Amino acid sequence: MTSPTPTREDKPNALSQPPQEVWPVVIIGTGFSGLGMAIKLREAGIGPFVLLERAAEIGGTWRDNNYPGCACDVPSPLYSFSFAPNPNWTRLYAGHDEIQAYLVDVVKTYGLRPHIRFNQEVACSRYDDKTRLWTVTTTSGESYRARVVISGMGALSDPALPNIDSMEDFQGERFHSAQWNHDFDVAGKRVAVIGTGASAIQFVPHLARTAQRPHLFQRTPPWIVPRPDRPISPSERALYKRVPLAQKALRGWIWSNLELRALAFTGKPVLMKLAERFARKHIGSQVTDPQLLEQVTPKFTIGCKRVLLSDDYYPALMRDNVTVVTDPIARASTTGLETRDGKHYEFDAIIYGTGFAVQRQIPRGAIFGRGGADLAELWDEHMQAYKGTCVTGFPNLFFLAGPNTGLGHSSMVYMIESQIAYIIDALRQMKDGGWDSVEVQASAQARFNKTIAARQANTVWATGCRSWYLDDRGCNTTLWPGFTFQFRKTTARFDAEHYAIETTRDPATSADGAAEQSATALVQ
Ligand code: N01
């Protein structure tokens, strides 16, 4: 990785210490979001800040998802920070180990470790209207007072487990793909996999090679297209090291190509017909068994759920030792799973590839804003924010990868960087203006979400399939319905005119003596 201003990792500095026990900024999480935010705060001279990490290591979803075969389905020159290119990727689509190593390297290069408090799982964040400060408490009982809280918790952090009758009776091994039990040797074992999403299609080929007779319980077959992966040769890597512009050009080329897909996803779902023909050809070329072909050919519009990339999934299903089960699971027993048609299957282990609790990512009692409002209650109907970043009633709270910032066609890191720039501009304006708090106006948030909802109506995600993109009411609360450059444009400047602003000079503050606290500067 190359960085313009590398700093020593181990050297604590002033920015890692809180002044007067109030942190100007607390960041939650150390995945791409939290780390990128911290780097840009440093560059802007805003802080001190602290990053709270629930685990003992950095990495977020890329730390947790380390199942066999885990890799990124976005090319790595784009699935990395624009300001920290990595000339050392060994493949176009990097595997888990390389991505996690990249993030560890970013932490080292930018000297972030002294800013991180590990094993600090945030239990509750509460805003105090009088002091205009947040108090963030962790499950270990520590608390951090802060002027600004930035959530980098992400949407794909908490596994979703299926609600299957009597599952607790099963005596074998059970785990979710994001909590892979590496101590459990699958070799020669009878293994059930529940789910056939992005994660499952990556680890099933491994199980097909190692386990005795994997059974794949499929509810809906996904659309899968070829994965145009390739090694990046040593000479190509040397070129990227010597001429960073060459890798930048590759990044730009990948970005533009992926961006074209947004047209089909969001404007003209009819264009998806071409993609569907391509995917059908892929299935047909790899699945020669007519019964399996029928089982794995999707019946919904391609793109309605995430389009997956794989060259080794269908060949894995074609193996004699692998069985695809499409009868719904009725219940579990002490020794296995029973399907609705009355068949019973015995297993040594059940592996959940059932995805994440995206729609219920903020539990009740976790975030309290102005007047003690509980964000989870507010989001009961629909998760929504302004520009995926701020929520009315929750001053000085910023979300990275928040509602409607997800993508079906390109790199989340690009979206995260857009939000980071927006937040940095917000904090700069707060600092320059001597503002205590910024809170998005309800009218601006409502207008923004009305536009988003209208645009969702024409997207491929609204063509009738069930996916985690939609909430219980069928509202798409997760994806950005447009090009990524449009999101960048909308977040290019912090539009203070759409925010309610409170300053230290407000009588309400000084009257009760809170002005002293509120003077916590957003700068060292
Ligand atoms: O989860 P999923 P995932 N009984 O939600 C099935 C990202 N990601 O962990 O389709 C039976 O995609 C469910 O069936 P159905 C990416 O954004 C990125 O695989 O709902 N089955 C489905 O088959 C992705 O979208 C990379 O009918 C049940 C599967 O479980 C997201 O993570 C790599 C069930 C869940 O699929 C999540 O992917 C991997 C039940 N009760 C993941 N409940 C990259 O490369 C659910 N299912 C960047």
# chains A, B, ... in the order shown; residues from 1 in each chain; ligands from 1

call {"tool": "closest_atom_pairs", "arguments": {"of": "chain A", "to": "ligand 1", "cutoff": "6 Å", "atoms": "only C-alpha atoms and all ligand atoms", "output": "Markdown table"}}
result
| residue | atom | partner | partner_atom_place_in_ligand_line | distance |
| --- | --- | --- | --- | --- |
| A:Ala71 | CA | ligand 1 | 45 (O) | 5.3 |
| A:Cys72 | CA | ligand 1 | 45 (O) | 3.3 |
| A:Asp73 | CA | ligand 1 | 45 (O) | 3.7 |
| A:Pro162 | CA | ligand 1 | 41 (N) | 3.8 |
| A:Asn163 | CA | ligand 1 | 41 (N) | 5.8 |
| A:Ile194 | CA | ligand 1 | 21 (N) | 5.4 |
| A:Gly195 | CA | ligand 1 | 30 (O) | 3.2 |
| A:Thr196 | CA | ligand 1 | 23 (O) | 3.7 |
| A:Gly197 | CA | ligand 1 | 36 (O) | 3.5 |
| A:Ala198 | CA | ligand 1 | 19 (O) | 3.6 |
| A:Ser199 | CA | ligand 1 | 19 (O) | 3.6 |
| A:Ala200 | CA | ligand 1 | 19 (O) | 5.5 |
| A:Arg219 | CA | ligand 1 | 27 (O) | 4.4 |
| A:Thr220 | CA | ligand 1 | 27 (O) | 4.2 |
| A:Arg306 | CA | ligand 1 | 25 (O) | 5.6 |
| A:Gly353 | CA | ligand 1 | 30 (O) | 5.3 |
| A:Thr354 | CA | ligand 1 | 30 (O) | 3.3 |
| A:Gly355 | CA | ligand 1 | 1 (O) | 3.0 |
| A:Ser467 | CA | ligand 1 | 20 (O) | 5.9 |

call {"tool": "closest_atom_pairs", "arguments": {"of": "range 39-65 of chain A", "to": "range 175-187 of chain A", "cutoff": "10 Å", "atoms": "only C-alpha atoms", "output": "CSV"}}
result
residue,atom,partner,partner_atom,distance
A:Thr61,CA,A:Ala178,CA,8.0
A:Trp62,CA,A:Ala178,CA,9.3
A:Arg63,CA,A:Ala178,CA,9.0
A:Asp64,CA,A:Ala178,CA,5.5
A:Asn65,CA,A:Ala178,CA,4.5

call {"tool": "atom_distance", "arguments": {"atom1": "CA of Ser310 in chain A", "atom2": "CA of Trp255 in chain A"}}
result
20.2 Å

call {"tool": "select_by_dssp", "arguments": {"residues": "range 245-341 of chain A", "states": "strand (DSSP E)", "output": "PyMOL selection string"}}
result
chain A and resi 308-309+323-325+329-332+336-339

call {"tool": "write_last_selection", "arguments": {"atoms": "all heavy atoms", "output": "mmCIF file, in the first residue's frame"}}
result
data_model
loop_
_atom_site.group_PDB
_atom_site.id
_atom_site.type_symbol
_atom_site.label_atom_id
_atom_site.label_comp_id
_atom_site.auth_asym_id
_atom_site.auth_seq_id
_atom_site.Cartn_x
_atom_site.Cartn_y
_atom_site.Cartn_z
ATOM 1 N N LEU A 308 -24.739 -12.880 -8.218
ATOM 2 C CA LEU A 308 -23.532 -13.479 -7.637
ATOM 3 C C LEU A 308 -22.559 -13.886 -8.741
ATOM 4 O O LEU A 308 -22.959 -14.117 -9.889
ATOM 5 C CB LEU A 308 -23.922 -14.685 -6.786
ATOM 6 C CG LEU A 308 -25.045 -14.432 -5.766
ATOM 7 C CD1 LEU A 308 -25.307 -15.678 -4.918
ATOM 8 C CD2 LEU A 308 -24.710 -13.255 -4.859
ATOM 9 N N LEU A 309 -21.273 -13.968 -8.369
ATOM 10 C CA LEU A 309 -20.233 -14.333 -9.326
ATOM 11 C C LEU A 309 -19.587 -15.635 -8.865
ATOM 12 O O LEU A 309 -19.110 -15.710 -7.735
ATOM 13 C CB LEU A 309 -19.124 -13.264 -9.384
ATOM 14 C CG LEU A 309 -19.505 -11.791 -9.538
ATOM 15 C CD1 LEU A 309 -18.242 -10.942 -9.659
ATOM 16 C CD2 LEU A 309 -20.356 -11.584 -10.775
ATOM 17 N N THR A 323 -25.869 -32.845 -2.617
ATOM 18 C CA THR A 323 -27.310 -32.920 -2.879
ATOM 19 C C THR A 323 -27.951 -31.556 -2.642
ATOM 20 O O THR A 323 -27.657 -30.906 -1.630
ATOM 21 C CB THR A 323 -27.975 -33.935 -1.902
ATOM 22 O OG1 THR A 323 -27.291 -35.173 -2.030
ATOM 23 C CG2 THR A 323 -29.452 -34.123 -2.209
ATOM 24 N N VAL A 324 -28.793 -31.144 -3.576
ATOM 25 C CA VAL A 324 -29.555 -29.909 -3.370
ATOM 26 C C VAL A 324 -30.964 -30.306 -2.933
ATOM 27 O O VAL A 324 -31.624 -31.103 -3.599
ATOM 28 C CB VAL A 324 -29.623 -29.070 -4.667
ATOM 29 C CG1 VAL A 324 -30.523 -27.844 -4.472
ATOM 30 C CG2 VAL A 324 -28.232 -28.648 -5.105
ATOM 31 N N VAL A 325 -31.402 -29.768 -1.789
ATOM 32 C CA VAL A 325 -32.733 -30.084 -1.265
ATOM 33 C C VAL A 325 -33.593 -28.830 -1.404
ATOM 34 O O VAL A 325 -33.220 -27.771 -0.895
ATOM 35 C CB VAL A 325 -32.659 -30.496 0.221
ATOM 36 C CG1 VAL A 325 -34.038 -30.869 0.747
ATOM 37 C CG2 VAL A 325 -31.669 -31.632 0.412
ATOM 38 N N ILE A 329 -37.556 -26.764 4.933
ATOM 39 C CA ILE A 329 -37.231 -27.418 6.210
ATOM 40 C C ILE A 329 -38.444 -27.290 7.131
ATOM 41 O O ILE A 329 -38.985 -26.181 7.298
ATOM 42 C CB ILE A 329 -36.003 -26.749 6.859
ATOM 43 C CG1 ILE A 329 -34.793 -26.895 5.936
ATOM 44 C CG2 ILE A 329 -35.712 -27.327 8.239
ATOM 45 C CD1 ILE A 329 -33.610 -26.023 6.321
ATOM 46 N N ALA A 330 -38.874 -28.411 7.714
ATOM 47 C CA ALA A 330 -40.026 -28.375 8.628
ATOM 48 C C ALA A 330 -39.543 -28.186 10.055
ATOM 49 O O ALA A 330 -40.084 -27.378 10.812
ATOM 50 C CB ALA A 330 -40.830 -29.661 8.513
ATOM 51 N N ARG A 331 -38.528 -28.968 10.455
ATOM 52 C CA ARG A 331 -38.032 -28.881 11.826
ATOM 53 C C ARG A 331 -36.678 -29.552 11.928
ATOM 54 O O ARG A 331 -36.259 -30.280 11.005
ATOM 55 C CB ARG A 331 -39.006 -29.538 12.807
ATOM 56 C CG ARG A 331 -39.186 -31.054 12.629
ATOM 57 C CD ARG A 331 -40.278 -31.568 13.529
ATOM 58 N NE ARG A 331 -41.558 -30.971 13.204
ATOM 59 C CZ ARG A 331 -42.320 -31.341 12.176
ATOM 60 N NH1 ARG A 331 -41.935 -32.329 11.372
ATOM 61 N NH2 ARG A 331 -43.464 -30.752 11.926
ATOM 62 N N ALA A 332 -36.027 -29.290 13.059
ATOM 63 C CA ALA A 332 -34.764 -29.975 13.327
ATOM 64 C C ALA A 332 -35.042 -31.102 14.307
ATOM 65 O O ALA A 332 -36.085 -31.139 14.965
ATOM 66 C CB ALA A 332 -33.764 -29.004 13.923
ATOM 67 N N GLY A 336 -30.581 -34.246 13.003
ATOM 68 C CA GLY A 336 -30.570 -33.677 11.655
ATOM 69 C C GLY A 336 -31.747 -32.774 11.364
ATOM 70 O O GLY A 336 -32.268 -32.095 12.254
ATOM 71 N N LEU A 337 -32.171 -32.781 10.108
ATOM 72 C CA LEU A 337 -33.250 -31.896 9.670
ATOM 73 C C LEU A 337 -34.335 -32.703 8.969
ATOM 74 O O LEU A 337 -34.036 -33.670 8.245
ATOM 75 C CB LEU A 337 -32.705 -30.864 8.665
ATOM 76 C CG LEU A 337 -31.715 -29.832 9.196
ATOM 77 C CD1 LEU A 337 -31.132 -29.020 8.036
ATOM 78 C CD2 LEU A 337 -32.383 -28.891 10.214
ATOM 79 N N GLU A 338 -35.584 -32.263 9.193
ATOM 80 C CA GLU A 338 -36.691 -32.925 8.517
ATOM 81 C C GLU A 338 -37.344 -31.915 7.583
ATOM 82 O O GLU A 338 -37.550 -30.762 7.949
ATOM 83 C CB GLU A 338 -37.695 -33.391 9.572
ATOM 84 C CG GLU A 338 -38.767 -34.308 9.020
ATOM 85 C CD GLU A 338 -39.768 -34.687 10.111
ATOM 86 O OE1 GLU A 338 -39.335 -35.094 11.216
ATOM 87 O OE2 GLU A 338 -40.978 -34.525 9.856
ATOM 88 N N THR A 339 -37.646 -32.369 6.366
ATOM 89 C CA THR A 339 -38.289 -31.456 5.417
ATOM 90 C C THR A 339 -39.798 -31.689 5.431
ATOM 91 O O THR A 339 -40.269 -32.693 5.962
ATOM 92 C CB THR A 339 -37.724 -31.661 3.993
ATOM 93 O OG1 THR A 339 -37.631 -33.049 3.735
ATOM 94 C CG2 THR A 339 -36.390 -31.001 3.830
#

call {"tool": "closest_atom_pairs", "arguments": {"of": "range 375-420 of chain A", "to": "range 476-490 of chain A", "cutoff": "7 Å", "atoms": "only C-alpha atoms", "output": "CSV"}}
result
residue,atom,partner,partner_atom,distance
A:His382,CA,A:Thr477,CA,7.0
A:Met383,CA,A:Thr477,CA,5.9
A:Gln384,CA,A:Thr477,CA,6.7
A:Pro403,CA,A:Thr478,CA,5.1
A:Asn404,CA,A:Thr478,CA,4.1
A:Thr405,CA,A:Trp480,CA,4.9
A:Gly406,CA,A:Leu479,CA,4.3
A:Leu407,CA,A:Leu479,CA,5.4
A:Met415,CA,A:Thr484,CA,6.8
A:Ser418,CA,A:Arg488,CA,5.2

call {"tool": "write_last_selection", "arguments": {"atoms": "all heavy atoms", "output": "short mmCIF file (atom, residue, chain, number, x, y, z; two decimals), in the first residue's frame"}}
result
data_model
loop_
_atom_site.label_atom_id
_atom_site.label_comp_id
_atom_site.auth_asym_id
_atom_site.auth_seq_id
_atom_site.Cartn_x
_atom_site.Cartn_y
_atom_site.Cartn_z
N HIS A 382 -39.99 2.31 8.98
CA HIS A 382 -38.97 2.23 7.92
C HIS A 382 -37.67 2.79 8.47
O HIS A 382 -37.69 3.83 9.13
CB HIS A 382 -39.33 3.12 6.72
CG HIS A 382 -40.57 2.73 6.01
ND1 HIS A 382 -40.78 1.48 5.48
CD2 HIS A 382 -41.67 3.45 5.71
CE1 HIS A 382 -41.97 1.45 4.91
NE2 HIS A 382 -42.53 2.62 5.04
N MET A 383 -36.55 2.13 8.12
CA MET A 383 -35.26 2.74 8.41
C MET A 383 -35.14 3.91 7.44
O MET A 383 -35.39 3.72 6.25
CB MET A 383 -34.14 1.76 8.02
CG MET A 383 -33.65 0.90 9.11
SD MET A 383 -32.09 0.09 8.68
CE MET A 383 -32.25 -0.52 7.04
N GLN A 384 -34.79 5.08 7.93
CA GLN A 384 -34.53 6.16 6.98
C GLN A 384 -33.63 7.22 7.59
O GLN A 384 -33.57 7.42 8.79
CB GLN A 384 -35.81 6.78 6.44
CG GLN A 384 -36.66 7.52 7.41
CD GLN A 384 -37.60 8.48 6.67
OE1 GLN A 384 -37.59 9.67 6.94
NE2 GLN A 384 -38.42 7.98 5.76
N PRO A 403 -28.84 3.90 5.92
CA PRO A 403 -29.95 3.53 5.04
C PRO A 403 -29.78 4.06 3.61
O PRO A 403 -29.34 5.19 3.40
CB PRO A 403 -31.15 4.19 5.72
CG PRO A 403 -30.77 4.29 7.15
CD PRO A 403 -29.29 4.53 7.17
N ASN A 404 -30.14 3.21 2.65
CA ASN A 404 -30.11 3.57 1.22
C ASN A 404 -28.75 4.04 0.70
O ASN A 404 -28.67 4.93 -0.16
CB ASN A 404 -31.18 4.64 0.91
CG ASN A 404 -32.58 4.07 1.06
OD1 ASN A 404 -33.31 4.44 1.97
ND2 ASN A 404 -32.94 3.14 0.20
N THR A 405 -27.70 3.46 1.25
CA THR A 405 -26.36 3.73 0.68
C THR A 405 -25.75 2.46 0.10
O THR A 405 -24.66 2.50 -0.47
CB THR A 405 -25.39 4.28 1.75
OG1 THR A 405 -25.27 3.31 2.79
CG2 THR A 405 -25.87 5.60 2.33
N GLY A 406 -26.44 1.32 0.25
CA GLY A 406 -25.91 0.06 -0.28
C GLY A 406 -25.98 0.04 -1.79
O GLY A 406 -26.66 0.85 -2.41
N LEU A 407 -25.24 -0.90 -2.37
CA LEU A 407 -25.16 -0.97 -3.83
C LEU A 407 -25.41 -2.38 -4.32
O LEU A 407 -25.06 -3.35 -3.64
CB LEU A 407 -23.77 -0.55 -4.31
CG LEU A 407 -23.35 0.89 -4.06
CD1 LEU A 407 -21.91 1.09 -4.53
CD2 LEU A 407 -24.28 1.88 -4.78
N MET A 415 -18.86 4.52 -1.80
CA MET A 415 -19.98 5.20 -1.12
C MET A 415 -19.52 5.70 0.25
O MET A 415 -19.84 6.82 0.67
CB MET A 415 -21.15 4.23 -0.95
CG MET A 415 -21.74 3.72 -2.24
SD MET A 415 -22.47 5.02 -3.25
CE MET A 415 -24.12 5.10 -2.57
N SER A 418 -17.59 8.80 0.03
CA SER A 418 -18.45 9.97 -0.24
C SER A 418 -19.02 10.49 1.08
O SER A 418 -19.03 11.70 1.34
CB SER A 418 -19.61 9.59 -1.16
OG SER A 418 -19.12 9.05 -2.36
#

call {"tool": "residues_around", "arguments": {"residues": "Glu57 in chain A", "least_positions_apart": "6", "cutoff": "10 Å", "atoms": "only C-alpha atoms", "output": "list in words"}}
result
Thr30, Arg63, Asp64, Val104, Arg113, Ile116, Arg117, Phe118 and Asn119 of chain A

call {"tool": "residues_around", "arguments": {"residues": "Asp312 in chain A", "least_positions_apart": "6", "cutoff": "12 Å", "atoms": "only C-alpha atoms", "output": "list in words"}}
result
Gly69, Ala200, Ile201, Gln202, Phe203, Val204, Pro205, His206, Leu207, Ala208, Arg209, Ile224, Val225, Pro226, Arg227, Asp229, His282, Ile283, Gln286, Val287, Met318 and Arg319 of chain A

call {"tool": "closest_atom_pairs", "arguments": {"of": "range 387-413 of chain A", "to": "range 81-100 of chain A", "cutoff": "12 Å", "atoms": "only C-alpha atoms", "output": "JSON lines"}}
result
{"residue": "A:Ser411", "atom": "CA", "partner": "A:Phe81", "partner_atom": "CA", "distance": 10.3}
{"residue": "A:Met412", "atom": "CA", "partner": "A:Phe81", "partner_atom": "CA", "distance": 10.3}
{"residue": "A:Val413", "atom": "CA", "partner": "A:Phe81", "partner_atom": "CA", "distance": 6.6}

call {"tool": "decode", "arguments": {"residues": "range 302-332 of chain A", "atoms": "N, CA and C atoms", "output": "compact mmCIF listing (two decimals), in the first residue's frame"}}
result
# COMPACT_ATOMS: atom_id res chain seq x y z
N ILE A 302 -33.44 -11.22 -12.94
CA ILE A 302 -32.04 -11.12 -12.50
C ILE A 302 -31.76 -9.70 -11.97
N GLY A 303 -31.04 -9.61 -10.85
CA GLY A 303 -30.72 -8.32 -10.26
C GLY A 303 -31.65 -7.95 -9.12
N CYS A 304 -32.82 -8.63 -9.07
CA CYS A 304 -33.78 -8.31 -8.00
C CYS A 304 -33.15 -8.63 -6.64
N LYS A 305 -32.40 -9.75 -6.60
CA LYS A 305 -31.52 -10.04 -5.47
C LYS A 305 -30.10 -9.85 -6.00
N ARG A 306 -29.13 -9.80 -5.12
CA ARG A 306 -27.75 -9.57 -5.56
C ARG A 306 -27.32 -10.60 -6.61
N VAL A 307 -26.74 -10.13 -7.70
CA VAL A 307 -26.23 -11.04 -8.73
C VAL A 307 -24.88 -11.56 -8.22
N LEU A 308 -24.74 -12.88 -8.22
CA LEU A 308 -23.53 -13.48 -7.64
C LEU A 308 -22.56 -13.89 -8.74
N LEU A 309 -21.27 -13.97 -8.37
CA LEU A 309 -20.23 -14.33 -9.33
C LEU A 309 -19.59 -15.64 -8.86
N SER A 310 -19.58 -16.63 -9.72
CA SER A 310 -18.86 -17.86 -9.35
C SER A 310 -18.63 -18.74 -10.57
N ASP A 311 -17.45 -19.34 -10.58
CA ASP A 311 -17.15 -20.33 -11.62
C ASP A 311 -17.13 -21.74 -11.05
N ASP A 312 -17.10 -21.85 -9.70
CA ASP A 312 -16.94 -23.19 -9.13
C ASP A 312 -18.15 -23.67 -8.33
N TYR A 313 -19.21 -22.85 -8.26
CA TYR A 313 -20.39 -23.27 -7.49
C TYR A 313 -21.19 -24.36 -8.21
N TYR A 314 -21.57 -24.12 -9.44
CA TYR A 314 -22.35 -25.13 -10.16
C TYR A 314 -21.56 -26.44 -10.32
N PRO A 315 -20.26 -26.37 -10.68
CA PRO A 315 -19.51 -27.63 -10.74
C PRO A 315 -19.52 -28.38 -9.40
N ALA A 316 -19.54 -27.61 -8.29
CA ALA A 316 -19.60 -28.27 -6.97
C ALA A 316 -20.92 -29.02 -6.82
N LEU A 317 -22.01 -28.38 -7.27
CA LEU A 317 -23.33 -29.02 -7.15
C LEU A 317 -23.43 -30.25 -8.05
N MET A 318 -22.63 -30.27 -9.11
CA MET A 318 -22.67 -31.40 -10.06
C MET A 318 -21.97 -32.64 -9.50
N ARG A 319 -21.22 -32.48 -8.42
CA ARG A 319 -20.49 -33.63 -7.86
C ARG A 319 -21.46 -34.66 -7.28
N ASP A 320 -21.05 -35.93 -7.34
CA ASP A 320 -21.92 -37.01 -6.86
C ASP A 320 -22.23 -36.91 -5.37
N ASN A 321 -21.28 -36.35 -4.61
CA ASN A 321 -21.48 -36.34 -3.15
C ASN A 321 -22.35 -35.17 -2.67
N VAL A 322 -22.75 -34.27 -3.59
CA VAL A 322 -23.51 -33.07 -3.18
C VAL A 322 -24.98 -33.21 -3.57
N THR A 323 -25.87 -32.85 -2.62
CA THR A 323 -27.31 -32.92 -2.88
C THR A 323 -27.95 -31.56 -2.64
N VAL A 324 -28.79 -31.14 -3.58
CA VAL A 324 -29.56 -29.91 -3.37
C VAL A 324 -30.96 -30.31 -2.93
N VAL A 325 -31.40 -29.77 -1.79
CA VAL A 325 -32.73 -30.08 -1.26
C VAL A 325 -33.59 -28.83 -1.40
N THR A 326 -34.71 -28.97 -2.10
CA THR A 326 -35.56 -27.78 -2.27
C THR A 326 -36.86 -27.85 -1.46
N ASP A 327 -37.15 -29.00 -0.86
CA ASP A 327 -38.32 -29.06 0.02
C ASP A 327 -38.01 -28.21 1.25
N PRO A 328 -38.95 -27.39 1.67
CA PRO A 328 -38.68 -26.52 2.82
C PRO A 328 -38.38 -27.33 4.09
N ILE A 329 -37.56 -26.76 4.93
CA ILE A 329 -37.23 -27.42 6.21
C ILE A 329 -38.44 -27.29 7.13
N ALA A 330 -38.87 -28.41 7.71
CA ALA A 330 -40.03 -28.37 8.63
C ALA A 330 -39.54 -28.19 10.05
N ARG A 331 -38.53 -28.97 10.45
CA ARG A 331 -38.03 -28.88 11.83
C ARG A 331 -36.68 -29.55 11.93
N ALA A 332 -36.03 -29.29 13.06
CA ALA A 332 -34.76 -29.98 13.33
C ALA A 332 -35.04 -31.10 14.31
